Each structure stands twice: as C-alpha cells, then as structure tokens.
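Before any comments, here is the structure.
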Amino acid sequence: MTEKRERSVERAARAAGGIPILLASLAMVVAGPVLVAQNPDAWPYLVGGVSLATVGLFLMCGFYALQPNEAAAILLFGDYRGTDRTTGLRWVLPWYTRKKISLRARNLTSDKLKVNDKRGNPIEIAANVVWRVEDSAQALFDVDDYQAFVNIQVDTGLRDLASHYAYDHGEEHELTLRADAEDVAAKLSQELAGRVSVAGVVVDEARLAHLAYAPEIAGAMLKRQQAEAVLAARRLIVKGAVGMVEAALTDLGERGVVELDEDRKAAMVSNLLVVLCADREAQPVVNTGTLYG
C-alpha cells in the first residue's frame, strides 16, 4: 500500500535586518586595508587586516532584498528552514540558499478549449482566473513548477465543468453555462480551489471568458435559437390577441352595440384573430349579405 506523502508547511525563517549588518560589513572592509596600511611591516596586522576585510566581504554575500508581497524560502543544503516575508534589506548566513517567490495576485486567461457539454454538443470554452500563492513551501517543494501546474489544472477543471452543464436549453430548473454565469463561476472557483490547493495556491476569482458553440454546429444551433425566438414571439402575440378579442366581445355585449349569437361570435373571433396574428396587414372586405347567405 502506497503511503501518503506528507505535505510541506510554511513556517517563519530566522533572518535578520540587513542595515546593521551592512554597516558592520562595510566597516570591516574599510578597516582591514587601513589597518594594513598603518602597519605594513607587522605581519600580525597584515593577517588581521586581510582577515577583517575578508570577513566583511563574506558577510555581504548573505544580503537579499524583498519587495512588498514577495517572500524568500531559506534552505540549508537542501533542507527547508523557513520563509521570510519581511520587506526591505534582509540577511542570513551566506551558506543559506534563498529562493524568492512572488505572493502577488496573478491573472490567467486559459486557451480556448474544444469540449463536449452535458448533452454531447461540441463547444468552445475559456476561463479567466485570478490566483496567488498562499503557502510558499507547498508552491516551491510540493510540485515541480507551480505556474505550469496551475495552468494544467485550469484546463482540466474547465473540461470537467463543461461535462456537467448544458450550453443552454437545459431541463426545468437545470443550470446552464450560458444562462447561469454567476452559479457556473462559483462552481468553477470551487472546483479549481480544490485542484490547486496541493501547490499552496488559492483562487480569488474564476469566470468564463469565452463560451460558444463549435464552428461545425454553430449554424444549426443558430437556426434553432431563431426558431425558438419566433415561437416565443408567436406565443406572446396569440396571448395578447386572445385578450383583445375577449375584451372586444365583452365591451360589445355591455354596450349593446350589436347582438351576436354563438355563430356570429365564432366568426368574429376567427376574423379578429386572423387580423391580429397575421404577418401582413389586413385587407378589409365589405360584406353586403348575411352570415347565413
């Protein structure tokens, strides 16, 4: 049975402020030659001056500077000793190794991926993700390249997300990629947060940056959308026409303008619906006879 690998955990490093040590090392570098120059023939002064200047130069090898939202992981012969997040000039013993890492928020726009949605329709999808390093130890030591790792996980998360949602026209109360952008974005953020946590990375925001049908079916899907739009418009027109006809019959009956039997009401309703629902303007016809010939 494979043992679960222990994850790295960031801890504070023992580092010192650089300004006092910088002044001390500069004093050593200056004092060494002065000591030798004042006593050129005395070998103890020569050895002491050279040693003093050498120590000063050696101490200068331990300086490093950190900007805001930047950290440095400190290692001793490959052993992680902690992370320094204090900005400014810093110093550690020169035999310690320093690996700098940015803690700033980063913006990633993924490539357009061609995937299948829940219904098997080929679609193009891309995302914009805002992420940052939270645990420097995990980012540096638990994955080989944390930036490449994030890029791959974003692509993988997008493919998985698309397979769980239809592009549009879902079943009743079913979320879709196009109509429910906020819910899909929240789901994507949650999905990516779980995937990149092993690298010490947190996702601040994730949203779809591109969503479209694949070119091979885009034309057919456009025709379907147009047909559905026409049907929806027709439903609205018919609903409004029925209301107008009902109001007209009620108004005529209340005012006593004309007495209509059931046959005449049916004919009037038919004529009004034709006029109100037709695509073309009505052509009036003058009837000089009666309904019954």
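A note on labels: chains of the structure tokens are A, B, ... as shown, every chain counts residues from 1, and ligands are counted from 1 in their shown order.
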
Spatial neighbours of stretch 9-25 of chain A, max dist 6 Å, only C-alpha atoms, sep filter under 4 positions, as number ranges by chain
A: 56, 82-84, 89-92, 135, 137

Using N, CA and C atoms, can you export the residues from the last selection as a short mmCIF file (atom, residue, chain, number, x, y, z; two decimals), in the first residue's frame?
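As a result, out_19.cif now contains:
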```cif
data_model
loop_
_atom_site.label_atom_id
_atom_site.label_comp_id
_atom_site.auth_asym_id
_atom_site.auth_seq_id
_atom_site.Cartn_x
_atom_site.Cartn_y
_atom_site.Cartn_z
N GLY A 56 34.31 40.84 6.21
CA GLY A 56 33.33 41.84 5.77
C GLY A 56 32.75 41.50 4.40
N GLY A 82 12.62 27.68 6.51
CA GLY A 82 11.57 28.65 6.77
C GLY A 82 11.46 29.65 5.63
N THR A 83 10.45 30.52 5.74
CA THR A 83 10.19 31.54 4.71
C THR A 83 10.20 32.92 5.36
N ASP A 84 10.91 33.84 4.73
CA ASP A 84 10.98 35.22 5.21
C ASP A 84 10.06 36.07 4.35
N LEU A 89 15.80 45.24 3.14
CA LEU A 89 17.09 44.56 3.08
C LEU A 89 17.18 43.55 4.21
N ARG A 90 17.45 42.29 3.85
CA ARG A 90 17.48 41.20 4.83
C ARG A 90 18.82 40.48 4.74
N TRP A 91 19.11 39.69 5.79
CA TRP A 91 20.41 38.99 5.82
C TRP A 91 20.26 37.65 6.53
N VAL A 92 20.92 36.64 5.94
CA VAL A 92 21.10 35.34 6.58
C VAL A 92 22.55 34.93 6.36
N ASP A 135 0.88 29.53 0.34
CA ASP A 135 1.88 28.79 1.09
C ASP A 135 3.10 28.60 0.20
N ALA A 137 6.01 27.27 0.80
CA ALA A 137 6.67 25.97 0.91
C ALA A 137 6.01 24.95 -0.01
#
```

Going by DSSP on the backbone, which bits of stretch 113-207 of chain A are strand (DSSP E or B)? Write them as a ChimeraX atom specification, please.
/A:113-116,122-133,166,176,201-207

May I have the selected residues written with C-alpha atoms, as a PDB file, in the first residue's frame?
```pdb
ATOM      1  CA  LEU A 113     -10.735  24.512 -25.315  1.00  0.00           C
ATOM      2  CA  LYS A 114     -12.987  22.457 -27.551  1.00  0.00           C
ATOM      3  CA  VAL A 115     -15.034  20.170 -25.288  1.00  0.00           C
ATOM      4  CA  ASN A 116     -18.444  18.493 -25.142  1.00  0.00           C
ATOM      5  CA  PRO A 122     -19.143  20.421 -29.029  1.00  0.00           C
ATOM      6  CA  ILE A 123     -18.460  23.864 -27.563  1.00  0.00           C
ATOM      7  CA  GLU A 124     -15.547  26.262 -27.170  1.00  0.00           C
ATOM      8  CA  ILE A 125     -14.812  27.449 -23.654  1.00  0.00           C
ATOM      9  CA  ALA A 126     -12.135  29.506 -21.883  1.00  0.00           C
ATOM     10  CA  ALA A 127     -11.769  30.980 -18.409  1.00  0.00           C
ATOM     11  CA  ASN A 128     -10.137  33.904 -16.670  1.00  0.00           C
ATOM     12  CA  VAL A 129      -8.678  33.007 -13.263  1.00  0.00           C
ATOM     13  CA  VAL A 130      -7.195  35.270 -10.581  1.00  0.00           C
ATOM     14  CA  TRP A 131      -4.874  33.302  -8.282  1.00  0.00           C
ATOM     15  CA  ARG A 132      -1.979  33.810  -5.875  1.00  0.00           C
ATOM     16  CA  VAL A 133       0.484  31.819  -3.803  1.00  0.00           C
ATOM     17  CA  ALA A 166     -25.541  22.001 -20.895  1.00  0.00           C
ATOM     18  CA  THR A 176     -26.753  26.055 -17.997  1.00  0.00           C
ATOM     19  CA  VAL A 201      -2.288  28.323  -4.321  1.00  0.00           C
ATOM     20  CA  VAL A 202      -5.664  29.971  -3.693  1.00  0.00           C
ATOM     21  CA  VAL A 203      -8.152  31.090  -6.342  1.00  0.00           C
ATOM     22  CA  ASP A 204      -9.592  34.564  -5.731  1.00  0.00           C
ATOM     23  CA  GLU A 205     -11.924  34.578  -8.741  1.00  0.00           C
ATOM     24  CA  ALA A 206     -12.740  32.452 -11.764  1.00  0.00           C
ATOM     25  CA  ARG A 207     -15.126  33.306 -14.600  1.00  0.00           C
TER      26      ARG A 207
END
```

Between atom CA of A:Asn121 and atom CA of A:Glu191, what is the distance in Å, rounded to a tenth?
22.0 Å
